[in-house]
Amino acid sequence: MSLGLGDGPVRPSRTTRADASLRRRRMYAVVAVLVVVALGLAAWARLGDGGTSAGSSPTATDSTGQRGRGPSELLAFSITGAPSALLAVVGTGGGQPPAGFVLPPGMTVIVPGQGETPTEQVQALPGDAMRISVSNAVGAWASHYAVMNLNGFGDTIDQVGGLTVNLADVYTVGGSVLGPGRTHMSGNQVVTFLYEQAEDTAIRWSSVLEAFLKSAPAIPQGDLTETDDAAAATAVLGAASGAEVQVAPTKVVGATAIVPAQPDFDDLVGRLFGTPPPVRAFVQNGNGSPGIGEAVARDLLPQGFRIVLSGNAESFNHDTTVITAIGADHLDDANRAKDALGVGVVRESQVPSGLADVTIVVGSDFKG
């Protein structure tokens with residue numbers, strides 16, 4: 001007799017219940033396997049990204065997520081003899097990958113004691129003054145500097161058999177059409193390429209510098225026309241194989257002046273070299289001695305400062321150097337400045353300047 005709707009639900013047979021139970025167990029087993037596989041892949045991915053497995057110590061990271069590393073050792077590198085500035089900073093060591101940072105031709109920087117100066121005039125300074133100016137521009141101290149002339153640079157390139165340069169465009173160089181892409185260039189071709197006064201000189205210089213560093217040339221110390229330490233300078237250049245070379249970001253103000261584009265400029269320096277943002281200092285000459293700006297910079301810059309403005313105080317009769325912290329947050333910076341200079345008294349001001357973190361009026365107690 002068939003069951004009607006009023007007879008209640010149909011009970012599943014014992015065989016049906018067993019089949020359903022078996023299917024559930026199989027489904028749970030599959031899910032469990034998938035979970036184990038997923039967890040294994042996640043752990044493998046973490047290890048591949050430099051993570052740590054159970055029982056190992058994690059690598060320290062800073063607020064930007066970068067692993068704990070010291071800053072690179074920096075070299076201010078200058079190739080003279082071209083109409084446009086060929087300036088760069090090269091960094092190696094400190095746990096950072098090797099890197100280069102090109103200061104574009106025509107960019108205006110603050111030269112301590114001289115004020116706003118284009119990179120062409122920076123390059124014309126004596127080697128140590130060039131190093132101080134470049135360090136101030138990038139906001140990080142270059143512990144060494146090296147200068148080569150353009151023809152000597154070409155000779156060095158020929159000694160390593162030329163360079164393979166990744167050219168950004170098609171160029172006519174000495175009657176030859178070169179590029180785009182990876183192109184072998186002789187020393188003479190590089191000299192001609194860089195000597196031309198062109199709108200893209202910064203790109204040309206960065207591509208040549210990257211190829212030059214990749215070749216890891218054994219530069220004869222006599223090929224350097226100026227340096228503070230030939231052995232140290234050539235060691236930095238020789239250790240920079242594979243360096244990433246970037247051009248400093250800039251912007252145009254007042255329709256004519258090319259200046260660093262902040263904060264992108266300092267952010268890129270920090271990423272390339274692992275250096276912290278510089279402390280901004282306004283330095284005033286309060287004793288009338290010439291060359292105070294450069295002398296103060298030589299002491300301050302290695303301690304993480306950048307001179308954003310320099311000039312004369314209202315008078316030259318200041319006996320004691322006064323270092324003013326702009327706000328309590330910069331008291332430690334002011335005390336570091338005092339330690340670096342070796343003289344002075346520290347004060348605090350709650351009046352924001354919008355320009356500097358510390359203000360220094362240099363007195364006659366500072367001997368330079």
# chains A, B, ... in the order shown; residues from 1 in each chain; ligands from 1

$ residues_around --residues "Ile219 of chain A" --least-positions-apart "2" --cutoff "7 Å" --atoms "only C-alpha atoms" --output "list in words"
Thr156, Pro217, Gln221, Asp223 and Thr234 of chain A

$ residues_around --residues "Arg204 of chain A" --least-positions-apart "4" --cutoff "9 Å" --atoms "only C-alpha atoms" --output "list in words"
Leu167, Ala168, Phe193, Leu194, Asp200, Val208 and Leu209 of chain A

$ write_last_selection --atoms "N, CA and C atoms" --output "tab-separated table (two decimals), in the first residue's frame"
chain	number	residue	atom	x	y	z
A	167	LEU	N	70.65	51.68	-23.03
A	167	LEU	CA	70.28	53.01	-23.52
A	167	LEU	C	68.76	53.15	-23.58
A	168	ALA	N	68.27	54.29	-23.13
A	168	ALA	CA	66.83	54.53	-23.07
A	168	ALA	C	66.24	54.91	-24.42
A	193	PHE	N	79.17	60.74	-25.64
A	193	PHE	CA	77.78	60.61	-25.19
A	193	PHE	C	77.49	61.54	-24.01
A	194	LEU	N	78.42	61.59	-23.05
A	194	LEU	CA	78.20	62.39	-21.85
A	194	LEU	C	78.57	63.86	-22.04
A	200	ASP	N	68.43	65.18	-21.59
A	200	ASP	CA	68.36	63.92	-20.85
A	200	ASP	C	69.72	63.49	-20.30
A	208	VAL	N	75.08	55.13	-17.83
A	208	VAL	CA	76.51	54.87	-17.92
A	208	VAL	C	77.07	54.47	-16.55
A	209	LEU	N	76.66	55.19	-15.50
A	209	LEU	CA	77.16	54.88	-14.16
A	209	LEU	C	76.76	53.47	-13.75

$ select_by_dssp --residues "segment 69-215 of chain A" --states "helix (DSSP H, G or I)" --output "PyMOL selection string"
chain A and resi 119-123+127-138+150-159+187-195+201-214

$ residues_around --residues "Gly70 of chain A" --least-positions-apart "4" --cutoff "10 Å" --atoms "only C-alpha atoms" --output "NGL selection string"
:A and (93-96 or 273-275)

$ residues_around --residues "segment 339-343 of chain A" --least-positions-apart "6" --cutoff "9 Å" --atoms "only C-alpha atoms" --output "PyMOL selection string"
chain A and resi 296+299-300+302-303+320-322+365-366+368

$ decode --residues "segment 166-275 of chain A" --atoms "C-alpha atoms" --output "short mmCIF file (atom, residue, chain, number, x, y, z; two decimals), in the first residue's frame"
data_model
loop_
_atom_site.label_atom_id
_atom_site.label_comp_id
_atom_site.auth_asym_id
_atom_site.auth_seq_id
_atom_site.Cartn_x
_atom_site.Cartn_y
_atom_site.Cartn_z
CA ASN A 166 71.19 50.01 -21.37
CA LEU A 167 70.28 53.01 -23.52
CA ALA A 168 66.83 54.53 -23.07
CA ASP A 169 66.58 55.76 -26.66
CA VAL A 170 68.31 55.85 -30.05
CA TYR A 171 71.38 58.08 -30.05
CA THR A 172 73.82 59.20 -32.71
CA VAL A 173 77.27 59.09 -31.14
CA GLY A 174 80.31 59.98 -33.22
CA GLY A 175 78.64 58.97 -36.47
CA SER A 176 77.29 55.68 -35.06
CA VAL A 177 73.65 55.02 -34.27
CA LEU A 178 73.37 53.35 -30.85
CA GLY A 179 70.46 51.92 -28.89
CA PRO A 180 67.87 51.50 -27.71
CA GLY A 181 68.51 48.74 -25.17
CA ARG A 182 71.74 47.01 -24.20
CA THR A 183 74.53 48.51 -26.31
CA HIS A 184 78.29 48.04 -26.15
CA MET A 185 80.12 51.38 -25.95
CA SER A 186 83.81 52.19 -26.05
CA GLY A 187 85.40 54.71 -23.73
CA ASN A 188 85.49 57.31 -26.49
CA GLN A 189 81.81 56.77 -27.25
CA VAL A 190 80.94 57.22 -23.57
CA VAL A 191 82.94 60.46 -23.46
CA THR A 192 81.14 61.81 -26.54
CA PHE A 193 77.78 60.61 -25.19
CA LEU A 194 78.20 62.39 -21.85
CA TYR A 195 79.85 65.52 -23.21
CA GLU A 196 76.84 66.45 -25.32
CA GLN A 197 74.72 69.09 -23.61
CA ALA A 198 71.32 67.40 -23.74
CA GLU A 199 68.02 67.55 -21.89
CA ASP A 200 68.36 63.92 -20.85
CA THR A 201 71.92 64.13 -19.50
CA ALA A 202 70.80 62.80 -16.11
CA ILE A 203 69.37 59.67 -17.76
CA ARG A 204 72.51 59.26 -19.88
CA TRP A 205 74.75 59.62 -16.82
CA SER A 206 72.69 57.19 -14.71
CA SER A 207 72.75 54.50 -17.43
CA VAL A 208 76.51 54.87 -17.92
CA LEU A 209 77.16 54.88 -14.16
CA GLU A 210 75.08 51.74 -13.67
CA ALA A 211 77.04 49.95 -16.42
CA PHE A 212 80.35 51.26 -15.04
CA LEU A 213 79.59 50.00 -11.53
CA LYS A 214 78.37 46.65 -12.88
CA SER A 215 81.76 46.13 -14.52
CA ALA A 216 83.39 46.44 -11.06
CA PRO A 217 86.44 48.18 -12.54
CA ALA A 218 89.77 47.96 -10.78
CA ILE A 219 90.40 51.70 -10.96
CA PRO A 220 94.07 52.65 -10.67
CA GLN A 221 94.30 55.10 -7.79
CA GLY A 222 96.29 57.45 -10.00
CA ASP A 223 93.23 57.82 -12.27
CA LEU A 224 91.51 59.85 -9.55
CA THR A 225 92.27 63.55 -9.89
CA GLU A 226 91.05 64.31 -6.35
CA THR A 227 90.13 62.14 -3.39
CA ASP A 228 90.35 62.07 0.39
CA ASP A 229 91.40 58.40 0.41
CA ALA A 230 92.17 56.71 -2.91
CA ALA A 231 92.10 53.18 -1.51
CA ALA A 232 88.76 53.68 0.24
CA ALA A 233 87.18 55.43 -2.75
CA THR A 234 88.20 52.75 -5.26
CA ALA A 235 87.04 50.07 -2.80
CA VAL A 236 83.55 51.59 -2.69
CA LEU A 237 83.38 51.79 -6.49
CA GLY A 238 84.72 48.26 -6.88
CA ALA A 239 82.17 46.86 -4.40
CA ALA A 240 79.19 48.47 -6.15
CA SER A 241 78.69 45.82 -8.85
CA GLY A 242 74.99 45.34 -9.54
CA ALA A 243 74.12 48.72 -8.05
CA GLU A 244 70.68 50.15 -8.67
CA VAL A 245 71.18 53.72 -9.96
CA GLN A 246 68.35 56.23 -9.66
CA VAL A 247 68.04 59.86 -10.72
CA ALA A 248 67.02 62.27 -7.96
CA PRO A 249 63.38 63.39 -8.29
CA THR A 250 63.08 67.12 -8.98
CA LYS A 251 60.49 69.77 -9.66
CA VAL A 252 60.53 73.20 -11.29
CA VAL A 253 59.67 76.26 -9.19
CA GLY A 254 59.31 79.82 -10.40
CA ALA A 255 59.31 78.49 -13.97
CA THR A 256 63.12 78.27 -13.98
CA ALA A 257 64.66 76.73 -10.83
CA ILE A 258 65.06 72.95 -10.60
CA VAL A 259 64.94 71.82 -6.97
CA PRO A 260 64.64 68.50 -5.11
CA ALA A 261 61.06 67.20 -5.03
CA GLN A 262 60.34 66.53 -1.38
CA PRO A 263 59.46 64.24 0.33
CA ASP A 264 60.15 61.89 -2.60
CA PHE A 265 63.81 62.96 -2.73
CA ASP A 266 64.57 62.04 0.90
CA ASP A 267 62.40 58.92 0.74
CA LEU A 268 64.42 57.62 -2.20
CA VAL A 269 67.74 58.36 -0.47
CA GLY A 270 66.52 56.45 2.58
CA ARG A 271 65.40 53.49 0.50
CA LEU A 272 68.65 53.28 -1.45
CA PHE A 273 71.11 53.82 1.38
CA GLY A 274 69.22 53.00 4.59
CA THR A 275 69.78 56.49 6.01
#
